[in-house]
>>> print(open('coords.txt').read())   # compact mmCIF, C-alpha atoms
# COMPACT_ATOMS: atom_id res chain seq x y z
CA MET A 49 125.03 172.78 181.37
CA VAL A 50 124.40 169.16 180.36
CA GLY A 51 123.50 168.27 183.95
CA THR A 52 121.02 171.09 184.48
CA THR A 53 119.45 170.57 181.04
CA VAL A 54 118.94 166.83 181.59
CA GLY A 55 117.96 167.33 185.24
CA SER A 56 115.41 170.04 184.48
CA LYS A 57 113.76 167.94 181.79
CA LEU A 58 113.55 164.90 184.08
CA VAL A 59 112.04 166.95 186.92
CA GLN A 60 109.57 168.49 184.48
CA LEU A 61 108.50 164.95 183.53
CA GLY A 62 107.91 164.09 187.18
CA HIS A 63 111.09 162.17 187.96
CA GLU A 64 113.00 162.75 191.18
CA VAL A 65 116.44 164.19 190.47
CA MET A 66 119.33 164.75 192.83
CA MET A 67 122.08 166.90 191.37
CA GLY A 68 125.46 165.74 192.61
CA SER A 69 128.41 168.08 193.00
CA ARG A 70 131.84 168.08 194.59
CA THR A 71 130.41 169.85 197.64
CA LYS A 72 126.97 169.73 199.28
CA ASP A 73 126.52 173.48 199.03
CA ASN A 74 127.55 173.91 195.38
CA ALA A 75 126.26 177.33 194.29
CA LYS A 76 124.97 176.27 190.87
CA ALA A 77 123.17 173.23 192.26
CA THR A 78 121.62 175.33 195.04
CA GLU A 79 120.43 177.81 192.42
CA TRP A 80 119.16 175.00 190.18
CA VAL A 81 116.82 173.44 192.76
CA LYS A 82 115.25 176.79 193.74
CA ASP A 83 112.19 176.87 191.48
CA LYS A 84 112.01 173.14 190.72
CA GLY A 85 109.68 171.93 193.46
CA PRO A 86 110.08 168.92 195.74
CA HIS A 87 111.40 166.51 193.07
CA ALA A 88 114.67 168.43 192.65
CA THR A 89 117.33 168.12 195.32
CA HIS A 90 121.08 168.42 195.47
CA GLY A 91 123.97 166.94 197.41
CA THR A 92 127.44 165.53 197.04
CA PHE A 93 128.31 163.06 194.28
CA ALA A 94 128.03 160.33 196.93
CA ASP A 95 124.60 161.58 198.06
CA ALA A 96 123.35 161.62 194.47
CA ALA A 97 124.76 158.18 193.63
CA SER A 98 123.36 156.50 196.73
CA HIS A 99 119.98 158.18 196.19
CA ALA A 100 119.69 157.27 192.51
CA VAL A 101 118.34 154.30 190.60
CA ILE A 102 119.84 155.59 187.36
CA ILE A 103 122.89 157.86 187.27
CA PHE A 104 123.70 160.31 184.50
CA ASN A 105 127.37 161.20 184.20
CA CYS A 106 127.22 164.83 183.07
CA THR A 107 130.65 165.80 184.34
CA SER A 108 133.44 167.10 182.15
CA GLY A 109 135.18 164.06 180.65
CA GLY A 110 138.57 164.89 182.12
CA ALA A 111 137.03 165.05 185.62
CA SER A 112 134.63 162.11 185.31
CA MET A 113 136.85 159.48 186.92
CA GLU A 114 137.51 161.65 189.94
CA ALA A 115 133.82 162.57 190.29
CA LEU A 116 132.78 158.92 190.07
CA LYS A 117 135.38 157.93 192.65
CA MET A 118 133.90 160.60 194.92
CA ALA A 119 130.45 159.13 194.18
CA GLY A 120 131.83 155.81 195.43
CA ALA A 121 131.88 152.34 193.90
CA GLU A 122 129.50 151.03 196.59
CA ASN A 123 126.92 153.70 195.72
CA LEU A 124 127.22 152.96 192.00
CA LYS A 125 127.14 149.17 192.36
CA GLY A 126 124.46 147.35 190.37
CA LYS A 127 123.11 150.58 188.93
CA ILE A 128 122.81 151.89 185.41
CA LEU A 129 125.18 154.76 184.66
CA ILE A 130 124.36 156.67 181.48
CA ASP A 131 127.62 158.22 180.38
CA LEU A 132 127.09 161.43 178.42
CA ALA A 133 130.62 162.75 178.85
CA ASN A 134 133.44 163.22 176.36
CA PRO A 135 137.17 163.25 177.18
CA LEU A 136 137.80 166.68 175.70
CA ASP A 137 141.26 168.14 176.20
CA PHE A 138 141.23 171.93 176.41
CA SER A 139 144.89 172.10 177.49
CA LYS A 140 146.22 172.30 173.92
CA GLY A 141 144.06 175.24 172.85
CA MET A 142 140.96 175.42 170.72
CA PRO A 143 139.39 173.45 169.25
CA PRO A 144 139.74 170.86 172.02
CA SER A 145 141.35 167.56 171.12
CA LEU A 146 140.74 164.29 172.99
CA ILE A 147 142.68 163.32 176.13
CA PRO A 148 145.25 160.80 174.80
CA SER A 149 144.94 158.43 177.78
CA LEU A 150 141.15 158.29 177.29
CA SER A 151 140.94 157.94 173.51
CA ASN A 152 142.03 156.11 170.36
CA THR A 153 143.04 152.77 171.92
CA THR A 154 140.49 153.18 174.73
CA SER A 155 137.67 155.56 175.68
CA LEU A 156 136.20 157.29 178.71
CA GLY A 157 133.25 154.90 178.63
CA GLU A 158 135.55 151.86 178.69
CA GLU A 159 137.72 153.27 181.46
CA ILE A 160 134.67 154.01 183.61
CA GLN A 161 133.40 150.47 183.04
CA LYS A 162 136.83 149.06 183.97
CA ALA A 163 137.03 151.18 187.14
CA PHE A 164 133.47 150.29 188.21
CA PRO A 165 132.96 146.72 186.99
CA GLU A 166 129.77 146.26 189.04
CA THR A 167 128.10 149.29 187.45
CA LYS A 168 126.21 148.96 184.17
CA VAL A 169 127.75 151.68 182.03
CA VAL A 170 125.72 152.68 178.99
CA LYS A 171 127.29 155.25 176.68
CA ALA A 172 124.62 157.28 174.94
CA MET A 173 123.79 160.77 173.66
CA ASN A 174 127.40 162.01 173.89
CA THR A 175 127.36 162.91 170.19
CA MET A 176 124.90 165.79 170.39
CA ASN A 177 124.08 169.06 172.08
CA CYS A 178 122.29 168.75 175.44
CA GLY A 179 119.20 170.56 174.17
CA LEU A 180 118.78 167.84 171.58
CA MET A 181 119.49 165.06 174.11
CA VAL A 182 116.27 165.84 175.97
CA ASN A 183 114.19 166.65 172.89
CA ALA A 184 114.81 164.48 169.84
CA ALA A 185 112.29 166.54 167.86
CA GLY A 186 114.57 169.57 168.26
CA VAL A 187 116.14 168.52 164.96
CA PRO A 188 113.45 167.67 162.41
CA GLY A 189 113.36 164.34 160.63
CA ASP A 190 115.04 161.04 161.28
CA HIS A 191 118.40 160.94 163.04
CA ASP A 192 120.21 158.64 165.43
CA VAL A 193 121.33 158.19 168.97
CA PHE A 194 124.32 155.85 169.39
CA VAL A 195 124.11 153.47 172.34
CA CYS A 196 126.63 150.95 173.63
CA GLY A 197 127.32 148.99 176.79
CA ASN A 198 128.14 145.52 178.08
CA ASP A 199 124.77 144.84 179.73
CA ALA A 200 122.03 144.15 177.17
CA ASP A 201 119.21 144.60 179.68
CA ALA A 202 120.61 147.94 180.85
CA LYS A 203 120.83 149.13 177.24
CA GLU A 204 117.19 148.20 176.63
CA LYS A 205 116.13 150.07 179.77
CA VAL A 206 118.09 153.14 178.67
CA LYS A 207 116.60 153.03 175.18
CA ALA A 208 113.09 152.76 176.64
CA MET A 209 113.77 155.74 178.90
CA LEU A 210 115.23 157.85 176.09
CA GLU A 211 112.20 157.07 173.98
CA ALA A 212 109.60 157.71 176.70
CA ASP A 213 111.19 160.82 178.19
CA PHE A 214 113.17 162.45 175.40
CA GLY A 215 111.36 161.23 172.27
CA TRP A 216 114.19 159.17 170.76
CA LYS A 217 113.12 156.54 168.22
CA SER A 218 116.14 155.71 166.12
CA PHE A 219 118.84 153.86 168.06
CA VAL A 220 122.13 152.63 166.63
CA ASP A 221 123.35 149.93 169.00
CA LEU A 222 127.14 149.64 168.73
CA GLY A 223 127.44 146.59 170.94
CA ASP A 224 129.64 146.51 174.02
CA ILE A 225 131.15 149.53 175.75
CA SER A 226 134.18 149.61 173.44
CA GLY A 227 131.80 151.20 170.92
CA ALA A 228 132.31 154.36 172.99
CA ARG A 229 135.68 154.74 171.29
CA GLY A 230 134.01 155.61 168.00
CA THR A 231 131.33 157.89 169.40
CA GLU A 232 133.75 159.87 171.56
CA MET A 233 136.10 160.27 168.58
CA LEU A 234 133.17 161.80 166.70
CA LEU A 235 133.51 164.93 168.84
CA PRO A 236 136.15 166.71 166.72
CA LEU A 237 133.83 166.39 163.69
CA TRP A 238 130.85 167.50 165.80
CA LEU A 239 132.77 170.58 166.96
CA ARG A 240 133.79 171.39 163.39
CA LEU A 241 130.21 171.04 162.17
CA TYR A 242 129.07 173.29 165.03
CA GLY A 243 131.43 175.94 163.67
CA VAL A 244 130.39 175.43 160.04
CA ASN A 245 126.65 175.30 160.78
CA LYS A 246 126.94 178.14 163.34
CA SER A 247 124.44 176.16 165.42
CA PRO A 248 124.62 173.08 167.66
CA ASN A 249 121.24 171.98 166.38
CA PHE A 250 122.12 169.08 164.09
CA ASN A 251 122.63 165.36 164.39
CA PHE A 252 124.04 162.32 162.61
CA LYS A 253 122.04 159.76 160.67
CA ILE A 254 123.45 156.46 159.46
CA VAL A 255 121.97 155.84 156.02
CA LYS A 256 122.11 152.30 154.66
CA MET B 291 141.71 148.34 146.63
CA VAL B 292 140.76 152.01 146.82
CA GLY B 293 143.19 152.84 143.99
CA THR B 294 141.98 150.17 141.61
CA THR B 295 138.30 150.89 142.38
CA VAL B 296 138.68 154.63 141.77
CA GLY B 297 141.04 154.09 138.81
CA SER B 298 138.73 151.57 137.13
CA LYS B 299 135.74 153.83 137.43
CA LEU B 300 137.64 156.81 136.00
CA VAL B 301 138.92 154.77 133.05
CA GLN B 302 135.41 153.47 132.44
CA LEU B 303 134.23 157.10 132.27
CA GLY B 304 136.87 157.88 129.64
CA HIS B 305 139.50 159.57 131.82
CA GLU B 306 143.18 158.77 131.44
CA VAL B 307 144.54 157.15 134.58
CA MET B 308 148.11 156.33 135.50
CA MET B 309 148.41 154.06 138.52
CA GLY B 310 151.49 154.97 140.55
CA SER B 311 153.39 152.43 142.62
CA ARG B 312 156.67 152.17 144.45
CA THR B 313 158.19 150.41 141.44
CA LYS B 314 157.50 150.70 137.72
CA ASP B 315 156.82 146.96 137.37
CA ASN B 316 154.44 146.60 140.34
CA ALA B 317 152.58 143.31 139.82
CA LYS B 318 149.13 144.54 140.84
CA ALA B 319 149.38 147.66 138.68
CA THR B 320 150.59 145.57 135.71
CA GLU B 321 147.63 143.25 136.23
CA TRP B 322 145.23 146.20 136.63
CA VAL B 323 146.04 147.81 133.26
CA LYS B 324 145.69 144.54 131.31
CA ASP B 325 142.07 144.72 130.16
CA LYS B 326 141.59 148.47 130.58
CA GLY B 327 142.49 149.73 127.12
CA PRO B 328 144.75 152.66 126.18
CA HIS B 329 143.53 155.06 128.91
CA ALA B 330 144.99 152.96 131.74
CA THR B 331 148.74 153.02 132.30
CA HIS B 332 151.04 152.48 135.24
CA GLY B 333 154.39 153.71 136.48
CA THR B 334 156.24 154.92 139.53
CA PHE B 335 154.67 157.40 141.95
CA ALA B 336 156.80 160.08 140.25
CA ASP B 337 155.62 159.01 136.76
CA ALA B 338 151.98 159.16 137.89
CA ALA B 339 152.34 162.52 139.63
CA SER B 340 154.14 164.18 136.71
CA HIS B 341 151.61 162.74 134.24
CA ALA B 342 148.52 163.78 136.24
CA VAL B 343 146.37 166.88 136.35
CA ILE B 344 144.57 165.61 139.43
CA ILE B 345 146.16 163.16 141.87
CA PHE B 346 144.24 160.74 144.09
CA ASN B 347 146.11 159.64 147.21
CA CYS B 348 144.88 156.06 147.62
CA THR B 349 147.86 154.84 149.60
CA SER B 350 147.64 153.45 153.11
CA GLY B 351 147.65 156.42 155.51
CA GLY B 352 150.78 155.33 157.33
CA ALA B 353 152.67 155.15 154.02
CA SER B 354 151.21 158.24 152.36
CA MET B 355 153.97 160.68 153.27
CA GLU B 356 156.67 158.38 151.95
CA ALA B 357 154.72 157.68 148.75
CA LEU B 358 154.16 161.39 148.15
CA LYS B 359 157.84 162.13 148.76
CA MET B 360 158.62 159.49 146.13
CA ALA B 361 156.10 161.21 143.84
CA GLY B 362 158.11 164.38 144.33
CA ALA B 363 157.12 167.90 145.38
CA GLU B 364 157.98 169.27 141.91
CA ASN B 365 155.59 166.80 140.25
CA LEU B 366 152.81 167.62 142.73
CA LYS B 367 153.29 171.40 142.57
CA GLY B 368 150.21 173.46 141.66
CA LYS B 369 148.08 170.34 141.29
CA ILE B 370 144.97 169.16 143.10
CA LEU B 371 145.58 166.19 145.36
CA ILE B 372 142.42 164.42 146.51
CA ASP B 373 143.37 162.71 149.75
CA LEU B 374 141.26 159.60 150.36
CA ALA B 375 143.59 158.07 152.93
CA ASN B 376 143.21 157.50 156.66
CA PRO B 377 146.06 157.22 159.19
CA LEU B 378 145.03 153.79 160.46
CA ASP B 379 147.38 152.12 162.92
CA PHE B 380 147.30 148.32 162.66
CA SER B 381 150.31 147.89 164.95
CA LYS B 382 148.19 147.72 168.12
CA GLY B 383 145.90 144.95 166.92
CA MET B 384 142.34 145.02 165.67
CA PRO B 385 140.35 147.15 165.33
CA PRO B 386 142.94 149.61 164.06
CA SER B 387 143.37 152.85 166.00
CA LEU B 388 144.74 156.07 164.51
CA ILE B 389 148.46 156.82 164.25
CA PRO B 390 149.05 159.23 167.17
CA SER B 391 151.42 161.52 165.25
CA LEU B 392 148.81 161.90 162.48
CA SER B 393 145.65 162.39 164.56
CA ASN B 394 143.87 164.24 167.35
CA THR B 395 145.93 167.45 167.34
CA THR B 396 146.67 167.12 163.62
CA SER B 397 145.64 164.88 160.71
CA LEU B 398 147.10 163.17 157.69
CA GLY B 399 145.46 165.75 155.42
CA GLU B 400 147.04 168.61 157.34
CA GLU B 401 150.46 167.00 157.42
CA ILE B 402 150.35 166.38 153.65
CA GLN B 403 149.37 170.01 153.08
CA LYS B 404 152.24 171.16 155.34
CA ALA B 405 154.77 168.94 153.57
CA PHE B 406 153.59 170.01 150.10
CA PRO B 407 152.53 173.65 150.50
CA GLU B 408 152.34 174.24 146.75
CA THR B 409 149.89 171.38 146.23
CA LYS B 410 146.15 171.93 146.66
CA VAL B 411 145.17 169.18 149.10
CA VAL B 412 141.46 168.40 149.21
CA LYS B 413 140.37 165.82 151.76
CA ALA B 414 137.26 164.02 150.57
CA MET B 415 135.52 160.64 150.55
CA ASN B 416 137.75 159.16 153.28
CA THR B 417 134.69 158.37 155.40
CA MET B 418 133.24 155.65 153.21
CA ASN B 419 133.89 152.39 151.44
CA CYS B 420 135.58 152.71 148.03
CA GLY B 421 132.62 151.12 146.24
CA LEU B 422 130.45 153.96 147.51
CA MET B 423 133.08 156.61 146.68
CA VAL B 424 132.65 155.97 142.97
CA ASN B 425 128.89 155.39 143.07
CA ALA B 426 126.94 157.61 145.45
CA ALA B 427 123.73 155.78 144.51
CA GLY B 428 125.18 152.60 146.02
CA VAL B 429 123.51 153.66 149.27
CA PRO B 430 119.94 154.76 148.62
CA GLY B 431 118.65 158.15 149.70
CA ASP B 432 120.37 161.30 150.77
CA HIS B 433 123.79 161.13 152.47
CA ASP B 434 126.91 163.23 152.58
CA VAL B 435 130.46 163.50 151.42
CA PHE B 436 132.70 165.65 153.65
CA VAL B 437 135.10 167.94 151.81
CA CYS B 438 137.78 170.26 153.16
CA GLY B 439 140.86 172.06 151.91
CA ASN B 440 142.59 175.43 151.92
CA ASP B 441 141.98 176.27 148.25
CA ALA B 442 138.36 177.23 147.56
CA ASP B 443 138.68 176.85 143.81
CA ALA B 444 140.25 173.40 144.14
CA LYS B 445 137.39 172.31 146.41
CA GLU B 446 134.82 173.49 143.87
CA LYS B 447 136.62 171.58 141.10
CA VAL B 448 136.69 168.43 143.23
CA LYS B 449 132.99 168.74 144.09
CA ALA B 450 132.14 169.19 140.40
CA MET B 451 134.17 166.11 139.52
CA LEU B 452 132.63 163.99 142.30
CA GLU B 453 129.19 165.03 141.12
CA ALA B 454 129.81 164.48 137.40
CA ASP B 455 131.77 161.24 137.70
CA PHE B 456 130.57 159.56 140.90
CA GLY B 457 127.06 160.99 141.33
CA TRP B 458 127.65 162.93 144.57
CA LYS B 459 125.13 165.67 145.27
CA SER B 460 125.27 166.39 148.98
CA PHE B 461 128.53 168.02 150.08
CA VAL B 462 129.38 169.08 153.62
CA ASP B 463 132.18 171.61 153.28
CA LEU B 464 134.21 171.67 156.50
CA GLY B 465 136.35 174.64 155.54
CA ASP B 466 140.14 174.48 155.50
CA ILE B 467 142.24 171.32 155.60
CA SER B 468 142.15 171.13 159.40
CA GLY B 469 138.62 169.76 158.93
CA ALA B 470 140.38 166.51 158.01
CA ARG B 471 140.97 165.97 161.72
CA GLY B 472 137.28 165.31 162.30
CA THR B 473 136.69 163.17 159.24
CA GLU B 474 139.74 160.98 159.85
CA MET B 475 138.69 160.52 163.48
CA LEU B 476 135.36 159.24 162.19
CA LEU B 477 137.10 156.03 161.11
CA PRO B 478 136.81 154.17 164.43
CA LEU B 479 133.03 154.72 164.35
CA TRP B 480 132.91 153.73 160.68
CA LEU B 481 134.79 150.51 161.45
CA ARG B 482 132.45 149.76 164.35
CA LEU B 483 129.38 150.35 162.18
CA TYR B 484 130.88 148.10 159.51
CA GLY B 485 131.01 145.35 162.14
CA VAL B 486 127.51 146.04 163.46
CA ASN B 487 125.91 146.36 160.00
CA LYS B 488 127.97 143.45 158.64
CA SER B 489 128.29 145.52 155.47
CA PRO B 490 130.40 148.50 154.37
CA ASN B 491 127.45 149.84 152.42
CA PHE B 492 126.30 152.75 154.57
CA ASN B 493 127.07 156.41 154.94
CA PHE B 494 126.66 159.42 157.23
CA LYS B 495 124.07 162.16 156.82
CA ILE B 496 124.14 165.40 158.79
CA VAL B 497 120.55 166.22 159.66
CA LYS B 498 119.74 169.79 160.67
>>> encode(input="coords.txt", output="structure tokens")
Amino acid sequence: MVGTTVGSKLVQLGHEVMMGSRTKDNAKATEWVKDKGPHATHGTFADAASHAVIIFNCTSGGASMEALKMAGAENLKGKILIDLANPLDFSKGMPPSLIPSLSNTTSLGEEIQKAFPETKVVKAMNTMNCGLMVNAAGVPGDHDVFVCGNDADAKEKVKAMLEADFGWKSFVDLGDISGARGTEMLLPLWLRLYGVNKSPNFNFKIVK
Amino acid sequence: MVGTTVGSKLVQLGHEVMMGSRTKDNAKATEWVKDKGPHATHGTFADAASHAVIIFNCTSGGASMEALKMAGAENLKGKILIDLANPLDFSKGMPPSLIPSLSNTTSLGEEIQKAFPETKVVKAMNTMNCGLMVNAAGVPGDHDVFVCGNDADAKEKVKAMLEADFGWKSFVDLGDISGARGTEMLLPLWLRLYGVNKSPNFNFKIVK
């Protein structure tokens, strides 16, 4: 859902998007490209990674490492990877908790950066619903998108893209990729608020 | 620090406060009462719990269960316990992580409620600096205090007290005590923001 939402918005804005999947003939990806015109294509994770200038990781957090390995370190090398995923653990029932090996003393963002040291991992937008990711005005007023990553230039490029394409204006830069620990651990509160508000249409604002 | 900040403010407002410690002659508690007048006293955890109508748990999260056992289930029975603590784990270096047995699939708030089923545990104000806890206006503008607990009446009493004594107006009620899971897991982000902002004087606002 995150992948098709982000992909559809980017195609609508005129960007070329290749949707990567485990297999070339993935049914959902095939369906997704149907009415999108020539800028929307699909292929394997490796096809998408080698094709792309910027990669969005929209896979389920528990499957991200495997998907990125299938994408291939060579195809990801030197590129910006915007990591939207969260290491949610559905194995212990609902609500999901976080996968212990990818949280608390580390994070999915950090582990991806460690596994792909030549890729510029930028963690961003993982603390909100995907509808809001691509349309900051979907929640009225002033609210924040958390951004972190080791490469300052990559972070600036991501911020510029999020502003130009998705309307984001208020960025909270948490420094290097270890800032992902805090934003991924925000998910249990986000899920609780989703239940309380009976809507995913809300966001966090740091007031100071 | 949390205990003396909250205690001092309550004494200043005319409430009677007994500071509980492991031992009756605790040096910091003895020092704390010195210039506070007749409304400030100190004693053991059990003295404080038996004396109190409302109990604030201001102990370090990793020591809370032991402190509350020393306070005694009989002394805590039927009373409101406002749990301000967080299960921070300093044993793995800085920044602290969360104690695995008190986080992710449970929380300190939940474990306290389980251990003391006849006490009305209300988790509140654990997502901010203690200076802000007792003075909501310390951060300008509109921002939130998260509250959760199993007893609806106890939560309303706590909200009324936080409003009357500390100036809180904007409450986000997360339902039963399992909401503590989300607010305690907010600590890693809080700690990161403290580092980024170089000040503990900020707070969260849920925008919707």
>>> residues_around(input="coords.txt", residues="Ser350 in chain B", least_positions_apart="4", cutoff="10 Å", atoms="only C-alpha atoms", output="ChimeraX atom specification")
/B:292,354-355,357,374-379
>>> interface_residues(input="coords.txt", of="chain A", to="chain B", cutoff="7 Å", atoms="only C-alpha atoms", output="mmCIF file with C-alpha atoms, in the coordinates of the input")
data_model
loop_
_atom_site.group_PDB
_atom_site.id
_atom_site.type_symbol
_atom_site.label_atom_id
_atom_site.label_comp_id
_atom_site.auth_asym_id
_atom_site.auth_seq_id
_atom_site.Cartn_x
_atom_site.Cartn_y
_atom_site.Cartn_z
ATOM 1 C CA SER A 145 141.350 167.560 171.120
ATOM 2 C CA LEU A 146 140.740 164.290 172.990
ATOM 3 C CA ASN A 152 142.030 156.110 170.360
ATOM 4 C CA THR A 153 143.040 152.770 171.920
ATOM 5 C CA VAL A 187 116.140 168.520 164.960
ATOM 6 C CA PRO A 188 113.450 167.670 162.410
ATOM 7 C CA HIS A 191 118.400 160.940 163.040
ATOM 8 C CA LEU A 222 127.140 149.640 168.730
ATOM 9 C CA GLY A 227 131.800 151.200 170.920
ATOM 10 C CA ARG A 229 135.680 154.740 171.290
ATOM 11 C CA GLY A 230 134.010 155.610 168.000
ATOM 12 C CA THR A 231 131.330 157.890 169.400
ATOM 13 C CA MET A 233 136.100 160.270 168.580
ATOM 14 C CA LEU A 234 133.170 161.800 166.700
ATOM 15 C CA PRO A 236 136.150 166.710 166.720
ATOM 16 C CA LEU A 237 133.830 166.390 163.690
ATOM 17 C CA ARG A 240 133.790 171.390 163.390
ATOM 18 C CA LEU A 241 130.210 171.040 162.170
ATOM 19 C CA VAL A 244 130.390 175.430 160.040
ATOM 20 C CA ASN A 249 121.240 171.980 166.380
ATOM 21 C CA PHE A 250 122.120 169.080 164.090
ATOM 22 C CA ASN A 251 122.630 165.360 164.390
ATOM 23 C CA PHE A 252 124.040 162.320 162.610
ATOM 24 C CA LYS A 253 122.040 159.760 160.670
ATOM 25 C CA ILE A 254 123.450 156.460 159.460
ATOM 26 C CA VAL A 255 121.970 155.840 156.020
ATOM 27 C CA LYS A 256 122.110 152.300 154.660
#
>>> closest_residue(input="coords.txt", among="A:Gly85, A:Gly126, A:Gly157, A:Gly68", to="Val101 in chain A", atoms="only C-alpha atoms")
A:Gly126
>>> closest_residue(input="coords.txt", among="B:His329, B:Lys324, B:Lys318, B:Lys413", to="Glu401 in chain B", atoms="only C-alpha atoms")
B:Lys413
>>> atom_distance(input="coords.txt", atom1="CA of Val307 in chain B", atom2="CA of Ser397 in chain B")
27.3 Å
>>> residues_around(input="coords.txt", residues="range 442-447 of chain B", least_positions_apart="4", cutoff="10 Å", atoms="all atoms listed in the file", output="list in words")
Lys369, Ile370, Leu371, Ile372, Lys410, Val411, Val412, Lys413, Ala414, Val437, Cys438, Met451, Leu452, Glu453, Asp463, Gly465 and Asp466 of chain B
>>> axis_aligned_box(input="coords.txt", around="range 137-144 of chain A", padding_each_side="4 Å", output="AutoDock Vina command-line options")
--center_x 142.8 --center_y 171.8 --center_z 173.4 --size_x 14.8 --size_y 15.3 --size_z 16.2
>>> closest_residue(input="coords.txt", among="A:Ala77, A:Ala184, A:Leu124, A:Met49", to="His99 in chain A", atoms="all atoms listed in the file")
A:Leu124
>>> atom_distance(input="coords.txt", atom1="CA of Thr294 in chain B", atom2="CA of Leu422 in chain B")
13.5 Å
>>> atom_distance(input="coords.txt", atom1="CA of Lys459 in chain B", atom2="CA of Asp441 in chain B")
20.1 Å
>>> closest_residue(input="coords.txt", among="A:Phe214, A:Gly197, A:Phe219, A:Ile225", to="Leu61 in chain A", atoms="all atoms listed in the file")
A:Phe214
>>> closest_residue(input="coords.txt", among="A:Ala111, A:Cys106, A:Ala96, A:Val81", to="Met181 in chain A", atoms="only C-alpha atoms")
A:Cys106
>>> residues_around(input="coords.txt", residues="Thr334 in chain B", least_positions_apart="3", cutoff="7 Å", atoms="all atoms listed in the file", output="mmCIF file with C-alpha atoms, in the coordinates of the input")
data_model
loop_
_atom_site.group_PDB
_atom_site.id
_atom_site.type_symbol
_atom_site.label_atom_id
_atom_site.label_comp_id
_atom_site.auth_asym_id
_atom_site.auth_seq_id
_atom_site.Cartn_x
_atom_site.Cartn_y
_atom_site.Cartn_z
ATOM 1 C CA GLY B 310 151.490 154.970 140.550
ATOM 2 C CA SER B 311 153.390 152.430 142.620
ATOM 3 C CA ARG B 312 156.670 152.170 144.450
ATOM 4 C CA THR B 313 158.190 150.410 141.440
ATOM 5 C CA LYS B 314 157.500 150.700 137.720
ATOM 6 C CA ASP B 337 155.620 159.010 136.760
ATOM 7 C CA ALA B 338 151.980 159.160 137.890
#
>>> closest_residue(input="coords.txt", among="A:Ala75, A:Gly109, A:Asn198, A:Cys178", to="Phe138 in chain A", atoms="only C-alpha atoms")
A:Gly109
>>> decode(input="coords.txt", residues="range 231-246 of chain A", atoms="C-alpha atoms", output="CSV table (one decimal), in the first residue's frame")
chain,number,residue,atom,x,y,z
A,231,THR,CA,11.3,7.3,15.0
A,232,GLU,CA,10.8,3.5,14.5
A,233,MET,CA,10.0,3.2,18.2
A,234,LEU,CA,7.3,5.8,17.7
A,235,LEU,CA,5.2,3.2,15.9
A,236,PRO,CA,3.5,1.7,19.0
A,237,LEU,CA,2.3,5.1,20.0
A,238,TRP,CA,1.2,5.9,16.4
A,239,LEU,CA,-0.8,2.6,16.3
A,240,ARG,CA,-2.4,3.4,19.6
A,241,LEU,CA,-3.3,6.9,18.4
A,242,TYR,CA,-4.7,5.4,15.2
A,243,GLY,CA,-7.0,3.3,17.4
A,244,VAL,CA,-8.0,6.2,19.7
A,245,ASN,CA,-8.5,8.7,16.9
A,246,LYS,CA,-10.2,6.1,14.7
